[in-house]
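Visitor: So that we are looking at the same thing, I have put the structure below in structure tokens.
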Amino acid sequence: MKKRMWLCVALCALLVWTSVPSLAEDCFTIDVDALDMNSLNSDEYVAQYLSASAQGVRVRKYISDSSELAAPVRLTLMQMDSQTLLFDKDYGLQSGTFDSGVIYLPYVADRTIPYLVTLTVGDYVYAMPFMHQQARLVANNACTYGVRLNDLAVAFYGDWMMGTMVDLNALAGQGSMSVDICASNRYIIGQATLSMQGSSLCVSVSFNSQANVTVQSQSVWVVTNCADFAAGVQPPSHQPGEWVDVSGASSALIVLSLRVDYDPAGLPAFYYDLSSSQLQSQLSLWEQNRAGGQSTGGLSGETVDPFAFSEDIGWIDNSGWVDEDGWYDDGSGWVDDGSGWMDDGSGWVDDGSGWYDDGSGWVDDGSGWVDNGSGWTDGSGSSGSGWVDDGSGWSDSGSGWTDGSSSSGSGWVDNGSGWTDEAAANF
């Protein structure tokens with residue numbers, strides 16, 4: 001009894017052990033009976049049913065239920081682009097369901113290799129194409145196309161990874177722009193969309209469907225101070241789709257860092273050319289930013305008036321006046337609607353109709369400031385009597401100011417201690 005139990009356990013273990021490799025093997029099975037032999041000339045059909053990036057391939061075909069009806073089987077595998085016979089085996093007489101076992105294929109570095117699989121069963125020949133695609137790439141780096149960080153002399157970043165310099169003024173004008181996402185220093189796997197709303201920037205990503213991308217990790221750096229970044233200062237990390245404040249910056253370096261799995265078969269390649277006009281423009285933006293961001297010409301070729309502030313920046317006045325939201329821009333300049341400015345103690349007040357001086361002599365007549373004392377001239381050079389009026393009626397006789405318009409003193413006079421109204425006194 002114990003012997004039988006031990007034998008059962010051994011057989012179960014053998015079955016489990018023998019089944020594990022077949023489950024774990026990375027191979028593609030060609031089931032001849034399941035194929036539509038009339039569709040083998042269709043590229044779409046071959047792409048869907050006879051293409052894979054597996055390490056190996058195996059072939060199956062039902063032959064007969066009886067060993068009496070066994071048939072000779074031979075299988076060949078030829079690489080068509082080089083006409084190399086990779087596999088050729090005679091399996092002898094076979095019955096039941098034929099299974100070739102796994103036929104391992106050469107490693108595919110950067111292209112799809114076409115094979116012709118030929119199965120001969122007795123007098124029948126089954127010839128089928130098989131497209132060996134590149135293996136799925138796992139945990140590869142990806143970023144947006146731009147200048148390599150090595151070429152920007154960034155202290156803490158190496159390898160081939162790139163960043164994209166962006167003219168924020170040009171981007172704000174056009175709203176958004178697309179940049180290729182590059183992976184493995186070779187393939188374009190998708191696009192990043194850079195968008196501006198007000199003073200905020202957002203980086204969103206999308207991938208080519210045929211790449212079948214799986215994102216393991218992702219982050220975005222929006223670098224508005226390139227001098228600090230070049231010195232090794234790491235900026236805050238954001239996520240794709242997050243809006244980032246870029247107030248006051250005219251340019252920024254976008255560093256999108258991705259770790260992805262993807263299928264490279266059929267993807268377009270990118271080529272890095274630092275001498276191209278596109279990357280030279282980005283280099284120029286980088287240098288301008290490092291120098292302090294004085295110029296914002298960059299890719300747009302436009303210059304910015306340093307006094308053309310956007311309305312959300314506001315003016316700052318250190319003279320003592322406080323803005324209570326009374327000033328606004330009517331398109332031709334700044335005007336005061338009379339509701340806002342107030343004096344912090346300097347003496348000038350606004351009653352809503354215009355500015356006036358509570359004792360200095362200057363008034364606002366609605367079109368500008370007028371000095372009511374501007375009619376006074378100094379006549380000391382001609383008569384020696386001091387100030388005289390040039391038409392207003394006031395004169396200085398030496399002892400005080402008088403109104404010379406009448407002999408009876410029909411006006412204000414200075415009696416030495418203050419101004420008196422003689423007209424009122426004589427009334």
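Ligands are numbered from 1 in the order shown, residues from 1 within each chain, and chains are lettered A, B, ... in the order they appear in the structure tokens.
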Near A:Pro268, counting only C-alpha atoms, which residues have an atom at most 12 Å away, once you skip same-chain residues fewer than 3 positions from it, shown as a PyMOL selection string?
Guide: chain A and resi 110-111+180-183+185-190+208+210-211+263-265+271
Visitor: Run DSSP on the backbone and grab whatever in stretch 26-65 of chain A lands in strand (DSSP E); send it over as a PyMOL selection string.
Guide: chain A and resi 27-31+51-52+56-64
Visitor: Could you check how far atom CA of A:Leu86 sits from atom CA of A:Pro129, in Å to one decimal?
Guide: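 Atom-to-atom, atom CA of A:Leu86 to atom CA of A:Pro129, that is 14.1 Å.
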Visitor: Pick out the closest residue to A:Gly96 from this set: A:Ile63, A:Val117, A:Leu77, A:Ala142. Count only C-alpha atoms.
Guide: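 Of all the options, A:Ile63 lies closest to A:Gly96.
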Visitor: Hey, can you check how far atom CA of A:Glu242 sits from atom CA of A:Met165?
Guide: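 These atoms are spaced 18.5 Å apart.
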Visitor: Here is a test: counting only C-alpha atoms, which residue of A:Ser277, A:Gln288, A:Asn140, A:Gln174 is nearest to A:Ser257?
Guide: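 Among the listed residues, the smallest separation from A:Ser257 belongs to A:Asn140.
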Visitor: Can you work out which one of A:Gly122, A:Gly248, A:Pro114, A:Pro240 has the shortest atom-to-atom distance to A:Ser82, counting only C-alpha atoms?
Guide: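 Of the candidates, the smallest distance to A:Ser82 is held by A:Pro114.
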Visitor: Give the helix (DSSP H, G or I) residues of stretch 72-251 of chain A, as DSSP finds them on the backbone, and put them as a PyMOL selection string.
Guide: chain A and resi 168-174+209-211+226-230
Visitor: With N, CA and C atoms retained, could you export that selection as an mmCIF file, in the first residue's frame?
Guide:
data_model
loop_
_atom_site.group_PDB
_atom_site.id
_atom_site.type_symbol
_atom_site.label_atom_id
_atom_site.label_comp_id
_atom_site.auth_asym_id
_atom_site.auth_seq_id
_atom_site.Cartn_x
_atom_site.Cartn_y
_atom_site.Cartn_z
ATOM 1 N N LEU A 168 7.829 79.859 -23.804
ATOM 2 C CA LEU A 168 6.507 79.916 -23.182
ATOM 3 C C LEU A 168 5.629 81.007 -23.801
ATOM 4 N N ASN A 169 6.232 82.100 -24.261
ATOM 5 C CA ASN A 169 5.443 83.151 -24.891
ATOM 6 C C ASN A 169 4.840 82.658 -26.206
ATOM 7 N N ALA A 170 5.644 81.949 -27.001
ATOM 8 C CA ALA A 170 5.133 81.385 -28.252
ATOM 9 C C ALA A 170 4.074 80.322 -27.977
ATOM 10 N N LEU A 171 4.307 79.490 -26.943
ATOM 11 C CA LEU A 171 3.343 78.437 -26.604
ATOM 12 C C LEU A 171 2.030 79.041 -26.141
ATOM 13 N N ALA A 172 2.097 80.113 -25.356
ATOM 14 C CA ALA A 172 0.868 80.772 -24.897
ATOM 15 C C ALA A 172 0.088 81.321 -26.084
ATOM 16 N N GLY A 173 0.794 81.788 -27.114
ATOM 17 C CA GLY A 173 0.135 82.329 -28.283
ATOM 18 C C GLY A 173 -0.586 81.268 -29.101
ATOM 19 N N GLN A 174 0.017 80.083 -29.221
ATOM 20 C CA GLN A 174 -0.594 79.032 -30.034
ATOM 21 C C GLN A 174 -1.430 78.060 -29.218
ATOM 22 N N SER A 209 -0.847 53.057 -30.613
ATOM 23 C CA SER A 209 -1.569 51.847 -30.213
ATOM 24 C C SER A 209 -0.762 50.582 -30.493
ATOM 25 N N GLN A 210 -0.015 50.557 -31.605
ATOM 26 C CA GLN A 210 0.730 49.348 -31.948
ATOM 27 C C GLN A 210 1.903 49.093 -31.005
ATOM 28 N N ALA A 211 2.321 50.125 -30.246
ATOM 29 C CA ALA A 211 3.415 49.941 -29.299
ATOM 30 C C ALA A 211 2.959 49.200 -28.049
ATOM 31 N N CYS A 226 17.239 77.518 -15.501
ATOM 32 C CA CYS A 226 18.180 76.560 -16.084
ATOM 33 C C CYS A 226 19.564 76.644 -15.450
ATOM 34 N N ALA A 227 19.926 77.798 -14.908
ATOM 35 C CA ALA A 227 21.232 77.930 -14.260
ATOM 36 C C ALA A 227 21.307 77.026 -13.033
ATOM 37 N N ASP A 228 20.258 77.023 -12.221
ATOM 38 C CA ASP A 228 20.224 76.145 -11.047
ATOM 39 C C ASP A 228 20.210 74.677 -11.463
ATOM 40 N N PHE A 229 19.433 74.374 -12.497
ATOM 41 C CA PHE A 229 19.333 72.987 -12.947
ATOM 42 C C PHE A 229 20.676 72.474 -13.440
ATOM 43 N N ALA A 230 21.403 73.314 -14.191
ATOM 44 C CA ALA A 230 22.717 72.917 -14.688
ATOM 45 C C ALA A 230 23.701 72.703 -13.549
#
Visitor: For A:Val255, which residue out of A:Ser100, A:Asn150, A:Ser219, A:Thr112 is the nearest one, using only C-alpha atoms?
Guide: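 Between A:Ser100, A:Asn150, A:Ser219, A:Thr112, the residue approaching A:Val255 most closely is A:Ser219.
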Visitor: In Å, how far is it from atom CA of A:Val32 to atom CA of A:Tyr126?
Guide: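 Calculated distance between atom CA of A:Val32 and atom CA of A:Tyr126 is 7.9 Å.
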Visitor: List the neighbours of A:Trp221 out to 12 Å using only C-alpha atoms; skip same-chain residues closer than 6 positions along the sequence, and give me the result as a VMD selection string.
Guide: chain A and resid 143 to 144 162 to 165 201 to 203 229 233 to 240 242 to 246 252 to 258
Visitor: Write to file, as a tab-separated table (two decimals), in the first residue's frame, the residues of the selection just made, with C-alpha atoms.
Guide:
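Done, and the output landed in selection26.tsv:
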chain	number	residue	atom	x	y	z
A	143	CYS	CA	11.44	61.02	-22.82
A	144	THR	CA	10.44	63.85	-25.16
A	162	MET	CA	16.67	64.44	-23.51
A	163	GLY	CA	14.77	67.56	-22.44
A	164	THR	CA	12.70	69.94	-24.56
A	165	MET	CA	13.29	73.71	-24.30
A	201	LEU	CA	1.62	74.68	-18.24
A	202	CYS	CA	0.49	71.06	-18.57
A	203	VAL	CA	2.24	68.04	-20.11
A	229	PHE	CA	19.33	72.99	-12.95
A	233	VAL	CA	19.54	71.61	-8.28
A	234	GLN	CA	16.70	69.15	-8.76
A	235	PRO	CA	13.32	70.81	-9.45
A	236	PRO	CA	9.96	69.68	-8.00
A	237	SER	CA	8.51	66.57	-9.59
A	238	HIS	CA	5.06	66.62	-11.21
A	239	GLN	CA	2.84	64.09	-12.95
A	240	PRO	CA	1.65	64.18	-16.57
A	242	GLU	CA	-0.85	68.22	-13.77
A	243	TRP	CA	-0.92	72.00	-14.26
A	244	VAL	CA	2.30	73.73	-13.24
A	245	ASP	CA	2.64	77.47	-12.48
A	246	VAL	CA	5.28	79.14	-14.70
A	252	ALA	CA	11.29	76.37	-19.62
A	253	LEU	CA	13.02	73.02	-20.00
A	254	ILE	CA	10.54	70.14	-20.01
A	255	VAL	CA	12.01	66.86	-18.76
A	256	LEU	CA	9.53	63.99	-19.13
A	257	SER	CA	10.94	60.82	-17.57
A	258	LEU	CA	9.18	57.52	-18.31
Visitor: From the options A:Thr118, A:Thr84, A:Ser95, A:Ser176, which residue's atoms come nearest to A:Ala70, counting only C-alpha atoms?
Guide: A:Ser95
Visitor: Between A:Ala47, A:Ala153, A:Val222, A:Val121, which has the minimum distance to A:Ala71 (counting only C-alpha atoms)?
Guide: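 Checking each of A:Ala47, A:Ala153, A:Val222, A:Val121 against A:Ala71, counting only C-alpha atoms, the winner is A:Val121.
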